[in-house]
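*Asks:* There's a structure below that I have some questions on.
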Amino acid sequence: MVNGYLHYWTKKQIREHQAVVRGEIAPTLVIKNATYLNSYRKSWMSGNVWIYQDRIIYTGKAMPENMRGTDIFDATDKWAVPGYIEHHAHPFQLYHPLTLAKYASERGTTTLINDNMPFFFRLDKKKALTFLDDMQQTPATMLWWARYDSQTELKNGNDVFLYSHLKTWIDHPYVVQGGELTGWPRVLSGDDQMLHWMLETKNARKPIEGHLPGAGEKTLSQMVMMGVGADHESMSGEDILKRLDAGMRASLRYSSIRPDLPHILRELHEQHFCHYEHLLMTTDGAPPHFLIDGMMDRLISLAVKEGVPFIEAVNMVTLNVARHYHMEDVMGVIAPGRSANINVLSTKENALPSDVLAKGTWVRRNNKPCFPNTNIDWENYGFSPLELSWELTRHDFHFSMPLGLEMTNNVIMTPYQIQTDLTREELPPHSDENFMMLCDRNGGWLVATLIKGFANNLYGFASSFSSSGDIILIGKSKQGLLDAFEQLKKQKGGITLIDRDKVAASITLPLGGMMSHLTIDNGLADEEVKLKNALKERGYLFEDPIYSLLFFSATHLPYVRITQKGIFDVKKKRVLFPSIMR
């Protein structure tokens, strides 16, 4: 039997907790005169909450007899709710897991259930175990997924997704789900290896998260039979109802490219929907600028605005989540035995807390963030500054393929027939075509084509931020590609946009060329907004260039992708034009 997160406390600790109830040991903290949410009754209770270190010991009318050294927090005229849970975090959207944890916790989202993709790719079994332990050494509760597929075509995909490697993640106590299942067409079409991993996950009593945009009733039925128990890809009220009818939990999404939550709720309420027990909510890995207005606190407020009762909205990011992950005996409610994750609200329906307790530690006090600083040796985990030790030259400009990529929105690309003369030095000004290259970060291969719809006045652009960690180059000018690549080398990874005479915008990402040390609300969101505005000035038409970069190689999206193996037809699952070895 795999140890799950419910075995968080040792026998010795449990005996100490019992001694607090009996008065033999004093609690470390008492929240007195609290009006706190009883999530099971869906009602407000008056009383006191005893806490010992990181665990709730007692809730009720009594005060402890033994209070030697106990801190007292007077919650008169305040309301307490459980710490919020973001069940679908992508903790590498320019920020890194700990800066996201800090930002989220200080606003009441004290638990993150995180995508493991870049860490799975980079860490061997031994380092993976250490990494998961290191991520837990803060007041935030950092839990993880175990992905079954890479979401792109990797040259070494078979080496990455070894059974022993995946099993290490599935069995780990801090890993609480399988997925997200972006490769579901493979398993639906007969991939028994992936099905085996899914069954291993279910045998470990851990749910599987789907990624099923546009799925019909028969697809949903088959996915449920293979173990998928939830999905976050609903884009309408009808999508939500289909998932509920199939016996799934459904998550309402409010992200930078899919801000669907308000209109989904309106559509549900038009059908007199009022049963929220199997609904969750997520920001789905929103980039820094989108999180400035909050995380789960913001989603609660949006749900209430659309007519969801406040307690139901809170349960959608607390109790409902904990139940789905078989963790309601550990978190998601204010009750004995649960982790001491508590949000104190200044008014009854203001979801942004004035005070936040995470694992028994104050991370927000009197409306001031106070999450403790945590250092981690990122280089030990392979996230050192990006050293591009190879040279890009004009001999690498193999622009000859007849097929280009056309963006139809932030993340969808269709093929188109190239009519432009590819031998020219620069593409016509103010057209929406640009040269595009995907280059191996180690210089071993490249793919060269045109991209249509990204921008119309772009000299040079380079990014090491991508789904596979490889280098993206885009620009009107071939010299612009070279200049942008050299600037990327100089800043050792990140994203850079250059004009002929200057760097117009830049984001430095010293952690492997993927993540920044900057915090979301102290520099990182500002850098992202500056980049986005600079791209828009040069013709970028969409909402979120960070997601565009991340998904250029993402083969779970239609219709064509640029990948390590070459230009890939998603529907036919084959390489149309292979990458070129250097």
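A note on labels: chains of the structure tokens are A, B, ... as shown, every chain counts residues from 1, and ligands are counted from 1 in their shown order.
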Applying 9 Å and only C-alpha atoms, which residues near A:Ala448 remain after dropping the ones on its own chain fewer than 3 positions away? List them as a ChimeraX atom specification.

*Replies:* /A:396-401,435-439,566,579-580

*Asks:* What parts of stretch 146-235 of chain A does DSSP call alpha helix (DSSP H)? I'd like the answer as a PyMOL selection string.

*Replies:* chain A and resi 157-160+163-171+184-188+192-203+217-225

*Asks:* Just want the 7 Å neighbourhood of stretch 185-201 of chain A, counted on only C-alpha atoms, with same-chain residues fewer than 2 positions away dropped. Output as a ChimeraX atom specification.

*Replies:* /A:148,170,178,183,203-206,227

*Asks:* The selected residues should be written to file as a short mmCIF file (atom, residue, chain, number, x, y, z; two decimals), in the first residue's frame (atoms: N, CA and C atoms).

*Replies:*
data_model
loop_
_atom_site.label_atom_id
_atom_site.label_comp_id
_atom_site.auth_asym_id
_atom_site.auth_seq_id
_atom_site.Cartn_x
_atom_site.Cartn_y
_atom_site.Cartn_z
N TYR A 148 1.99 11.37 -17.46
CA TYR A 148 2.24 10.15 -18.22
C TYR A 148 2.81 10.44 -19.61
N ILE A 170 4.62 8.26 -8.94
CA ILE A 170 3.28 7.81 -8.57
C ILE A 170 3.22 7.38 -7.11
N GLY A 178 -2.57 11.45 -10.90
CA GLY A 178 -1.98 11.18 -12.19
C GLY A 178 -2.50 12.17 -13.21
N GLY A 183 -2.24 13.19 -23.21
CA GLY A 183 -2.09 12.16 -24.23
C GLY A 183 -3.25 11.18 -24.26
N ASN A 203 -4.59 2.20 -8.29
CA ASN A 203 -4.27 1.24 -7.22
C ASN A 203 -3.65 1.94 -6.01
N ALA A 204 -3.00 3.06 -6.26
CA ALA A 204 -2.42 3.85 -5.17
C ALA A 204 -3.46 4.78 -4.53
N ARG A 205 -4.72 4.66 -4.93
CA ARG A 205 -5.83 5.48 -4.41
C ARG A 205 -5.61 6.96 -4.69
N LYS A 206 -5.12 7.23 -5.90
CA LYS A 206 -4.91 8.61 -6.32
C LYS A 206 -5.72 8.86 -7.59
N GLY A 227 -10.38 5.29 -15.55
CA GLY A 227 -9.95 5.84 -14.28
C GLY A 227 -9.92 7.34 -14.16
#

*Asks:* So that I can see what lies close to A:Leu481, please list as a ChimeraX atom specification the residues with an atom at most 12 Å from it, counting only C-alpha atoms and leaving out residues fewer than 2 positions away in the same chain.

*Replies:* /A:392-394,396-397,425-426,434-439,448,458-463,471-479,483-488,496-500

*Asks:* What lies within 7 Å of A:Leu212 using only C-alpha atoms, ignoring chain neighbours under 2 positions off, as number ranges by chain?

*Replies:* A: 210, 214-215, 231, 233

*Asks:* Just the selected residues (all heavy atoms), exported as a PDB file, in the first residue's frame, please.

*Replies:*
ATOM      1  N   GLY A 210      -8.111  14.529 -16.181  1.00  0.00           N
ATOM      2  CA  GLY A 210      -8.181  14.521 -17.625  1.00  0.00           C
ATOM      3  C   GLY A 210      -7.804  15.859 -18.231  1.00  0.00           C
ATOM      4  O   GLY A 210      -7.625  16.860 -17.539  1.00  0.00           O
ATOM      5  N   GLY A 214     -13.623  19.540 -25.575  1.00  0.00           N
ATOM      6  CA  GLY A 214     -14.522  19.128 -26.645  1.00  0.00           C
ATOM      7  C   GLY A 214     -14.958  17.679 -26.614  1.00  0.00           C
ATOM      8  O   GLY A 214     -15.601  17.209 -27.560  1.00  0.00           O
ATOM      9  N   ALA A 215     -14.635  16.968 -25.546  1.00  0.00           N
ATOM     10  CA  ALA A 215     -14.965  15.540 -25.494  1.00  0.00           C
ATOM     11  C   ALA A 215     -16.479  15.328 -25.461  1.00  0.00           C
ATOM     12  O   ALA A 215     -17.199  16.009 -24.727  1.00  0.00           O
ATOM     13  CB  ALA A 215     -14.313  14.898 -24.276  1.00  0.00           C
ATOM     14  N   ASP A 231     -11.962  16.673 -14.764  1.00  0.00           N
ATOM     15  CA  ASP A 231     -11.470  17.365 -15.957  1.00  0.00           C
ATOM     16  C   ASP A 231     -11.679  18.863 -15.773  1.00  0.00           C
ATOM     17  O   ASP A 231     -12.672  19.296 -15.186  1.00  0.00           O
ATOM     18  CB  ASP A 231     -12.213  16.878 -17.204  1.00  0.00           C
ATOM     19  CG  ASP A 231     -11.691  17.533 -18.467  1.00  0.00           C
ATOM     20  OD1 ASP A 231     -10.530  17.296 -18.822  1.00  0.00           O
ATOM     21  OD2 ASP A 231     -12.458  18.293 -19.103  1.00  0.00           O
ATOM     22  N   GLU A 233     -11.308  21.089 -18.518  1.00  0.00           N
ATOM     23  CA  GLU A 233     -11.333  21.674 -19.858  1.00  0.00           C
ATOM     24  C   GLU A 233     -12.736  22.086 -20.320  1.00  0.00           C
ATOM     25  O   GLU A 233     -12.955  22.287 -21.523  1.00  0.00           O
ATOM     26  CB  GLU A 233     -10.736  20.684 -20.865  1.00  0.00           C
ATOM     27  CG  GLU A 233      -9.232  20.559 -20.776  1.00  0.00           C
ATOM     28  CD  GLU A 233      -8.505  21.818 -21.259  1.00  0.00           C
ATOM     29  OE1 GLU A 233      -9.004  22.483 -22.183  1.00  0.00           O
ATOM     30  OE2 GLU A 233      -7.450  22.140 -20.695  1.00  0.00           O
TER      31      GLU A 233
END

*Asks:* Find, counting only C-alpha atoms, the residue in A:Asp440, A:Glu349, A:Asp544, A:Asp297 that gets nearest to A:Glu528.

*Replies:* A:Asp544

*Asks:* Would you kindly return, as a PyMOL selection string, each protein, DNA or RNA residue with an atom no farther than 12 Å from any atom of A:Phe121, considering only C-alpha atoms and excluding same-chain residues fewer than 3 positions away?

*Replies:* chain A and resi 115-118+124-125+127-128+146-151+154+156-162+165-166+169+381-383+467-469

*Asks:* Which neighbours of A:Ile520 fall inside 10 Å, counting only C-alpha atoms, when residues of the same chain fewer than 5 positions from it are skipped, and could you give them as a list in words?

*Replies:* Leu94, Tyr95, His96, Thr99, Leu100, Lys102, Tyr103, Ala104, Pro287, Pro288, His289, Phe290, Leu291, Ile292, Ala525, Asp526, Glu527 and Glu528 of chain A

*Asks:* Just to be explicit: take each residue in the selection above, keep C-alpha atoms, and write the result as a JSON list (two decimals), in the first residue's frame.

*Replies:*
[["chain", "number", "residue", "atom", "x", "y", "z"],
["A", 94, "LEU", "CA", 8.16, 32.39, -15.51],
["A", 95, "TYR", "CA", 7.87, 32.10, -11.71],
["A", 96, "HIS", "CA", 9.20, 29.05, -9.87],
["A", 99, "THR", "CA", 7.71, 32.18, -5.51],
["A", 100, "LEU", "CA", 4.28, 30.95, -6.60],
["A", 102, "LYS", "CA", 4.73, 32.56, -1.43],
["A", 103, "TYR", "CA", 2.42, 34.71, -3.55],
["A", 104, "ALA", "CA", -0.48, 32.27, -3.32],
["A", 287, "PRO", "CA", 1.14, 33.78, -15.95],
["A", 288, "PRO", "CA", 2.24, 36.49, -13.49],
["A", 289, "HIS", "CA", 0.25, 39.43, -14.86],
["A", 290, "PHE", "CA", -3.02, 37.52, -14.55],
["A", 291, "LEU", "CA", -2.41, 36.59, -10.91],
["A", 292, "ILE", "CA", -1.91, 40.17, -9.71],
["A", 525, "ALA", "CA", 4.63, 40.68, -13.58],
["A", 526, "ASP", "CA", 6.01, 44.08, -14.61],
["A", 527, "GLU", "CA", 8.60, 42.45, -16.90],
["A", 528, "GLU", "CA", 5.93, 40.25, -18.45]]

*Asks:* Using only C-alpha atoms, which of A:Lys348, A:Arg253, A:Lys155, A:Lys490 sits nearest A:Thr563?

*Replies:*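 Of all the options, A:Lys155 lies closest to A:Thr563.
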
*Asks:* Go ahead and compute the interatomic distance for atom CA of A:Tyr276 and atom CA of A:Pro309, in Å to one decimal.

*Replies:*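 Between these atoms lies a distance of 9.7 Å.
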